[in-house]
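Trainee: Sharing query15.pdb (PDB, C-alpha atoms) below.
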```pdb
ATOM      1  CA  MET A   1     -12.911   3.798  33.458  1.00  0.00           C
ATOM      2  CA  LYS A   2     -14.451   2.221  30.415  1.00  0.00           C
ATOM      3  CA  ASP A   3     -13.298  -0.052  27.638  1.00  0.00           C
ATOM      4  CA  ILE A   4     -13.635   0.866  23.999  1.00  0.00           C
ATOM      5  CA  LYS A   5     -13.743  -1.603  21.164  1.00  0.00           C
ATOM      6  CA  ILE A   6     -12.151  -0.802  17.819  1.00  0.00           C
ATOM      7  CA  GLU A   7     -13.015  -2.963  14.821  1.00  0.00           C
ATOM      8  CA  SER A   8     -11.821  -3.066  11.248  1.00  0.00           C
ATOM      9  CA  THR A   9     -13.753  -4.570   8.390  1.00  0.00           C
ATOM     10  CA  LEU A  10     -11.812  -6.039   5.496  1.00  0.00           C
ATOM     11  CA  THR A  11     -12.985  -7.671   2.283  1.00  0.00           C
ATOM     12  CA  VAL A  12     -11.143 -10.845   1.305  1.00  0.00           C
ATOM     13  CA  TYR A  13     -10.992 -12.084  -2.278  1.00  0.00           C
ATOM     14  CA  GLU A  14     -10.035 -15.756  -2.544  1.00  0.00           C
ATOM     15  CA  ASN A  15      -7.554 -15.031  -5.329  1.00  0.00           C
ATOM     16  CA  PHE A  16      -6.441 -12.539  -7.948  1.00  0.00           C
ATOM     17  CA  ASN A  17      -9.092 -13.779 -10.426  1.00  0.00           C
ATOM     18  CA  GLU A  18     -11.929 -12.613  -8.141  1.00  0.00           C
ATOM     19  CA  LEU A  19     -10.801  -8.986  -8.297  1.00  0.00           C
ATOM     20  CA  PRO A  20     -12.823  -6.457 -10.286  1.00  0.00           C
ATOM     21  CA  SER A  21     -11.093  -5.864 -13.628  1.00  0.00           C
ATOM     22  CA  ASP A  22      -9.932  -2.327 -12.784  1.00  0.00           C
ATOM     23  CA  ILE A  23      -8.323  -3.526  -9.550  1.00  0.00           C
ATOM     24  CA  ALA A  24      -6.763  -6.543 -11.279  1.00  0.00           C
ATOM     25  CA  SER A  25      -5.225  -4.176 -13.824  1.00  0.00           C
ATOM     26  CA  LEU A  26      -3.840  -1.941 -11.068  1.00  0.00           C
ATOM     27  CA  MET A  27      -2.514  -4.993  -9.186  1.00  0.00           C
ATOM     28  CA  GLU A  28      -0.741  -6.115 -12.367  1.00  0.00           C
ATOM     29  CA  LYS A  29       1.119  -2.788 -12.299  1.00  0.00           C
ATOM     30  CA  ALA A  30       2.146  -3.495  -8.687  1.00  0.00           C
ATOM     31  CA  ILE A  31       3.312  -6.987  -9.680  1.00  0.00           C
ATOM     32  CA  GLU A  32       5.444  -5.518 -12.475  1.00  0.00           C
ATOM     33  CA  ALA A  33       6.882  -2.960 -10.052  1.00  0.00           C
ATOM     34  CA  ARG A  34       7.685  -5.738  -7.559  1.00  0.00           C
ATOM     35  CA  LYS A  35       9.805  -7.464 -10.206  1.00  0.00           C
ATOM     36  CA  ASN A  36      12.059  -4.385 -10.349  1.00  0.00           C
ATOM     37  CA  ALA A  37      12.542  -4.025  -6.587  1.00  0.00           C
ATOM     38  CA  TYR A  38      16.083  -3.672  -5.326  1.00  0.00           C
ATOM     39  CA  ALA A  39      16.117  -6.073  -2.384  1.00  0.00           C
ATOM     40  CA  PRO A  40      19.541  -7.784  -2.233  1.00  0.00           C
ATOM     41  CA  TYR A  41      19.620  -7.858   1.594  1.00  0.00           C
ATOM     42  CA  SER A  42      16.137  -8.961   2.616  1.00  0.00           C
ATOM     43  CA  ASN A  43      15.313 -10.914  -0.558  1.00  0.00           C
ATOM     44  CA  PHE A  44      11.793  -9.566   0.008  1.00  0.00           C
ATOM     45  CA  SER A  45      10.424  -7.595  -2.933  1.00  0.00           C
ATOM     46  CA  VAL A  46       7.393  -5.322  -2.729  1.00  0.00           C
ATOM     47  CA  GLY A  47       5.546  -3.508  -5.490  1.00  0.00           C
ATOM     48  CA  ALA A  48       2.938  -0.772  -5.213  1.00  0.00           C
ATOM     49  CA  ALA A  49       0.647   0.887  -7.730  1.00  0.00           C
ATOM     50  CA  ILE A  50      -1.427   3.987  -7.055  1.00  0.00           C
ATOM     51  CA  LEU A  51      -4.409   5.268  -9.026  1.00  0.00           C
ATOM     52  CA  LEU A  52      -4.863   9.026  -8.815  1.00  0.00           C
ATOM     53  CA  ASP A  53      -8.096  10.926  -9.387  1.00  0.00           C
ATOM     54  CA  ASN A  54      -6.612  12.324 -12.627  1.00  0.00           C
ATOM     55  CA  ASN A  55      -6.354   8.697 -13.881  1.00  0.00           C
ATOM     56  CA  GLN A  56      -2.564   8.670 -13.661  1.00  0.00           C
ATOM     57  CA  ILE A  57      -0.989   5.504 -12.293  1.00  0.00           C
ATOM     58  CA  VAL A  58       2.177   5.746 -10.233  1.00  0.00           C
ATOM     59  CA  THR A  59       4.223   2.706  -9.225  1.00  0.00           C
ATOM     60  CA  GLY A  60       6.981   2.078  -6.736  1.00  0.00           C
ATOM     61  CA  ASN A  61       9.042  -0.737  -5.288  1.00  0.00           C
ATOM     62  CA  ASN A  62      11.261  -1.192  -2.291  1.00  0.00           C
ATOM     63  CA  GLN A  63      14.799   0.121  -2.583  1.00  0.00           C
ATOM     64  CA  GLU A  64      17.251  -1.279  -0.056  1.00  0.00           C
ATOM     65  CA  ASN A  65      20.640   0.012   0.995  1.00  0.00           C
ATOM     66  CA  ALA A  66      23.572  -1.604   2.802  1.00  0.00           C
ATOM     67  CA  SER A  67      23.303   1.262   5.271  1.00  0.00           C
ATOM     68  CA  TYR A  68      20.014   0.332   6.944  1.00  0.00           C
ATOM     69  CA  PRO A  69      17.612   2.154   7.310  1.00  0.00           C
ATOM     70  CA  SER A  70      18.510   4.244   4.280  1.00  0.00           C
ATOM     71  CA  GLY A  71      16.244   2.205   2.006  1.00  0.00           C
ATOM     72  CA  LEU A  72      12.596   2.918   1.312  1.00  0.00           C
ATOM     73  CA  CYS A  73       9.472   0.764   1.096  1.00  0.00           C
ATOM     74  CA  ALA A  74       7.467   0.440  -2.119  1.00  0.00           C
ATOM     75  CA  GLU A  75       4.438   2.232  -0.695  1.00  0.00           C
ATOM     76  CA  ARG A  76       6.398   5.307   0.337  1.00  0.00           C
ATOM     77  CA  THR A  77       8.396   5.315  -2.903  1.00  0.00           C
ATOM     78  CA  ALA A  78       5.126   5.467  -4.865  1.00  0.00           C
ATOM     79  CA  ILE A  79       3.207   7.826  -2.596  1.00  0.00           C
ATOM     80  CA  TYR A  80       6.045  10.358  -2.342  1.00  0.00           C
ATOM     81  CA  TYR A  81       6.493  10.301  -6.112  1.00  0.00           C
ATOM     82  CA  ALA A  82       2.762  10.903  -6.553  1.00  0.00           C
ATOM     83  CA  GLY A  83       2.907  13.783  -4.073  1.00  0.00           C
ATOM     84  CA  SER A  84       5.915  15.251  -5.853  1.00  0.00           C
ATOM     85  CA  GLN A  85       4.692  14.937  -9.436  1.00  0.00           C
ATOM     86  CA  TYR A  86       0.924  15.366  -8.925  1.00  0.00           C
ATOM     87  CA  PRO A  87       0.607  17.539  -5.791  1.00  0.00           C
ATOM     88  CA  ASN A  88      -3.051  18.409  -6.385  1.00  0.00           C
ATOM     89  CA  ALA A  89      -4.243  14.909  -7.285  1.00  0.00           C
ATOM     90  CA  LYS A  90      -5.992  12.668  -4.791  1.00  0.00           C
ATOM     91  CA  ILE A  91      -4.987   9.068  -4.279  1.00  0.00           C
ATOM     92  CA  VAL A  92      -8.011   6.898  -4.986  1.00  0.00           C
ATOM     93  CA  LYS A  93      -6.694   3.336  -4.778  1.00  0.00           C
ATOM     94  CA  MET A  94      -3.461   1.573  -3.920  1.00  0.00           C
ATOM     95  CA  THR A  95      -2.469  -2.016  -4.670  1.00  0.00           C
ATOM     96  CA  LEU A  96       0.410  -3.855  -2.994  1.00  0.00           C
ATOM     97  CA  THR A  97       2.083  -7.182  -3.569  1.00  0.00           C
ATOM     98  CA  ALA A  98       5.029  -8.736  -1.758  1.00  0.00           C
ATOM     99  CA  GLY A  99       7.157 -11.762  -2.433  1.00  0.00           C
ATOM    100  CA  SER A 100      10.188 -13.509  -0.997  1.00  0.00           C
ATOM    101  CA  ARG A 101      13.009 -14.980  -3.042  1.00  0.00           C
ATOM    102  CA  ILE A 102      13.393 -17.590  -0.297  1.00  0.00           C
ATOM    103  CA  ASN A 103       9.805 -18.811   0.314  1.00  0.00           C
ATOM    104  CA  GLN A 104       6.628 -18.403  -1.715  1.00  0.00           C
ATOM    105  CA  THR A 105       4.498 -15.681  -0.144  1.00  0.00           C
ATOM    106  CA  ILE A 106       0.823 -16.674  -0.125  1.00  0.00           C
ATOM    107  CA  THR A 107      -0.292 -14.579   2.849  1.00  0.00           C
ATOM    108  CA  PRO A 108      -1.585 -11.058   2.093  1.00  0.00           C
ATOM    109  CA  ILE A 109       1.094  -8.593   3.232  1.00  0.00           C
ATOM    110  CA  PRO A 110      -0.257  -5.245   4.529  1.00  0.00           C
ATOM    111  CA  PRO A 111       1.749  -2.006   4.677  1.00  0.00           C
ATOM    112  CA  CYS A 112       4.283  -1.775   7.501  1.00  0.00           C
ATOM    113  CA  GLY A 113       3.771   0.734  10.306  1.00  0.00           C
ATOM    114  CA  ALA A 114       5.934   3.454   8.740  1.00  0.00           C
ATOM    115  CA  CYS A 115       4.060   3.139   5.456  1.00  0.00           C
ATOM    116  CA  ARG A 116       0.696   3.213   7.215  1.00  0.00           C
ATOM    117  CA  GLN A 117       1.720   6.494   8.819  1.00  0.00           C
ATOM    118  CA  ALA A 118       2.859   7.921   5.452  1.00  0.00           C
ATOM    119  CA  ILE A 119      -0.341   6.834   3.684  1.00  0.00           C
ATOM    120  CA  SER A 120      -2.364   8.231   6.581  1.00  0.00           C
ATOM    121  CA  GLU A 121      -0.791  11.647   6.025  1.00  0.00           C
ATOM    122  CA  TYR A 122      -2.108  11.711   2.464  1.00  0.00           C
ATOM    123  CA  GLU A 123      -5.540  10.398   3.459  1.00  0.00           C
ATOM    124  CA  VAL A 124      -5.859  13.198   6.028  1.00  0.00           C
ATOM    125  CA  LYS A 125      -4.418  15.787   3.615  1.00  0.00           C
ATOM    126  CA  GLN A 126      -6.886  14.938   0.836  1.00  0.00           C
ATOM    127  CA  GLU A 127      -9.809  14.473   3.235  1.00  0.00           C
ATOM    128  CA  SER A 128     -10.923  11.298   1.494  1.00  0.00           C
ATOM    129  CA  PRO A 129     -10.235   7.595   1.997  1.00  0.00           C
ATOM    130  CA  ILE A 130      -7.696   5.579   0.036  1.00  0.00           C
ATOM    131  CA  GLU A 131      -8.778   2.038  -0.861  1.00  0.00           C
ATOM    132  CA  ILE A 132      -5.927  -0.388  -0.269  1.00  0.00           C
ATOM    133  CA  TYR A 133      -5.647  -3.887  -1.756  1.00  0.00           C
ATOM    134  CA  PHE A 134      -2.801  -6.158  -0.667  1.00  0.00           C
ATOM    135  CA  MET A 135      -1.597  -9.667  -1.416  1.00  0.00           C
ATOM    136  CA  GLY A 136       1.463 -11.912  -1.350  1.00  0.00           C
ATOM    137  CA  GLU A 137       2.730 -13.371  -4.607  1.00  0.00           C
ATOM    138  CA  THR A 138      -0.385 -15.537  -4.905  1.00  0.00           C
ATOM    139  CA  GLY A 139      -3.397 -16.401  -2.823  1.00  0.00           C
ATOM    140  CA  LYS A 140      -5.953 -14.195  -1.160  1.00  0.00           C
ATOM    141  CA  VAL A 141      -6.248 -10.463  -1.727  1.00  0.00           C
ATOM    142  CA  VAL A 142      -7.415  -8.222   1.108  1.00  0.00           C
ATOM    143  CA  LYS A 143      -9.185  -4.897   0.618  1.00  0.00           C
ATOM    144  CA  SER A 144      -9.427  -2.128   3.177  1.00  0.00           C
ATOM    145  CA  ASP A 145     -11.763   0.762   2.390  1.00  0.00           C
ATOM    146  CA  SER A 146      -9.318   3.214   3.937  1.00  0.00           C
ATOM    147  CA  LEU A 147      -5.990   3.512   5.651  1.00  0.00           C
ATOM    148  CA  ALA A 148      -7.817   4.670   8.783  1.00  0.00           C
ATOM    149  CA  ASN A 149      -9.383   1.202   8.816  1.00  0.00           C
ATOM    150  CA  LEU A 150      -5.856  -0.281   9.116  1.00  0.00           C
ATOM    151  CA  LEU A 151      -4.596   2.389  11.532  1.00  0.00           C
ATOM    152  CA  PRO A 152      -7.630   3.438  13.580  1.00  0.00           C
ATOM    153  CA  LEU A 153      -5.743   5.469  16.182  1.00  0.00           C
ATOM    154  CA  GLY A 154      -3.524   7.333  13.758  1.00  0.00           C
ATOM    155  CA  PHE A 155      -1.327  10.320  14.540  1.00  0.00           C
ATOM    156  CA  ASP A 156      -1.945  13.352  12.336  1.00  0.00           C
ATOM    157  CA  ARG A 157      -1.566  17.129  12.224  1.00  0.00           C
ATOM    158  CA  SER A 158      -4.557  17.663  14.499  1.00  0.00           C
ATOM    159  CA  PHE A 159      -2.328  16.617  17.430  1.00  0.00           C
ATOM    160  CA  LEU A 160       0.310  19.244  16.698  1.00  0.00           C
TER     161      LEU A 160
END
```
Reformat the file's structure so that it appears as C-alpha cells.
Mentor:
Amino acid sequence: MKDIKIESTLTVYENFNELPSDIASLMEKAIEARKNAYAPYSNFSVGAAILLDNNQIVTGNNQENASYPSGLCAERTAIYYAGSQYPNAKIVKMTLTAGSRINQTITPIPPCGACRQAISEYEVKQESPIEIYFMGETGKVVKSDSLANLLPLGFDRSFL
C-alpha cells in the first residue's frame, strides 16, 4: 500500500479590479447573465460566460423548475449551447459568478460536481485545458488553469 497526494494550484485575485482586462470583460458578461437567471426557488442566481477559440462569447444562467431536478445550472446551460451552436470550437476560458437574493455572496463559488463533470467532458473532448475564473457577487476571484485541476480524478470516456 502507498499513499498518493493530489494537489491543486489556484490563483486568487483580491477583487474584480485585479483581473486582466480581457477576463474582467468576460466576467462582466457572466454578471449580466446572472441578472437574468430564473431562480425563484433557491434565490441563488448564477451566471456563466464562455470564450471560444473563434472569439465567440456564449453566456448562460441557471434555470430552475418547480419539478426538481428539471432545472439546469448556468455552466451547463452555457457549455451545452456552445457545443450545440459551435461544435468545432474549443472552449478557452469560462467565467462564473454567483449571488444570493438572501445574503451577499462574497466567497468565490466554484462549479458544482455535475457541472465539473460536464466541463470535464469538453476539456477531454477538445484535448486542451479550459481556464475557469469564479467569484461570488463581490470579493476575491479564483482562477483554475483547467477543470482537471478542480476535478483531478475525473471520469471520462477512457473508462468506458
Trainee: Starting from the displayed file, determine the output of the PyMOL selection byres ((chain A and resi 129) around 12) and express the residue list as a compact mmCIF listing (two decimals) with C-alpha atoms, keeping the file's coordinate frame.
Mentor:
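See out-v9.txt below for the written result:
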```txt
# COMPACT_ATOMS: atom_id res chain seq x y z
CA LYS A 90 -5.99 12.67 -4.79
CA ILE A 91 -4.99 9.07 -4.28
CA VAL A 92 -8.01 6.90 -4.99
CA LYS A 93 -6.69 3.34 -4.78
CA MET A 94 -3.46 1.57 -3.92
CA ILE A 119 -0.34 6.83 3.68
CA SER A 120 -2.36 8.23 6.58
CA GLU A 121 -0.79 11.65 6.02
CA TYR A 122 -2.11 11.71 2.46
CA GLU A 123 -5.54 10.40 3.46
CA VAL A 124 -5.86 13.20 6.03
CA LYS A 125 -4.42 15.79 3.62
CA GLN A 126 -6.89 14.94 0.84
CA GLU A 127 -9.81 14.47 3.24
CA SER A 128 -10.92 11.30 1.49
CA ILE A 130 -7.70 5.58 0.04
CA GLU A 131 -8.78 2.04 -0.86
CA ILE A 132 -5.93 -0.39 -0.27
CA SER A 144 -9.43 -2.13 3.18
CA ASP A 145 -11.76 0.76 2.39
CA SER A 146 -9.32 3.21 3.94
CA LEU A 147 -5.99 3.51 5.65
CA ALA A 148 -7.82 4.67 8.78
CA ASN A 149 -9.38 1.20 8.82
CA LEU A 150 -5.86 -0.28 9.12
```
Trainee: Go through A:Pro87, A:Gly60, A:Pro152, A:Pro20 and flag the residue nearest Ala37 in chain A, using only C-alpha atoms for the distances.
Mentor: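 Of all the options, A:Gly60 lies closest to Ala37 in chain A.
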Trainee: Which one is closest to Lys35 in chain A: A:Ile109, A:Leu72, A:Ala98, A:Val12? Count all atoms listed in the file.
Mentor: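 Among the listed residues, A:Ala98 lies closest to Lys35 in chain A.
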Trainee: Interatomic distance between CA of Met1 in chain A and CA of Leu153 in chain A?
Mentor: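 Atom-to-atom, CA of Met1 in chain A and CA of Leu153 in chain A are spaced 18.8 Å apart.
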Trainee: Figure out the distance between CA of Thr95 in chain A and CA of Ala24 in chain A, please, to one decimal in Å.
Mentor: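 Taking CA of Ala24 in chain A and CA of Thr95 in chain A, their separation equals 9.1 Å.
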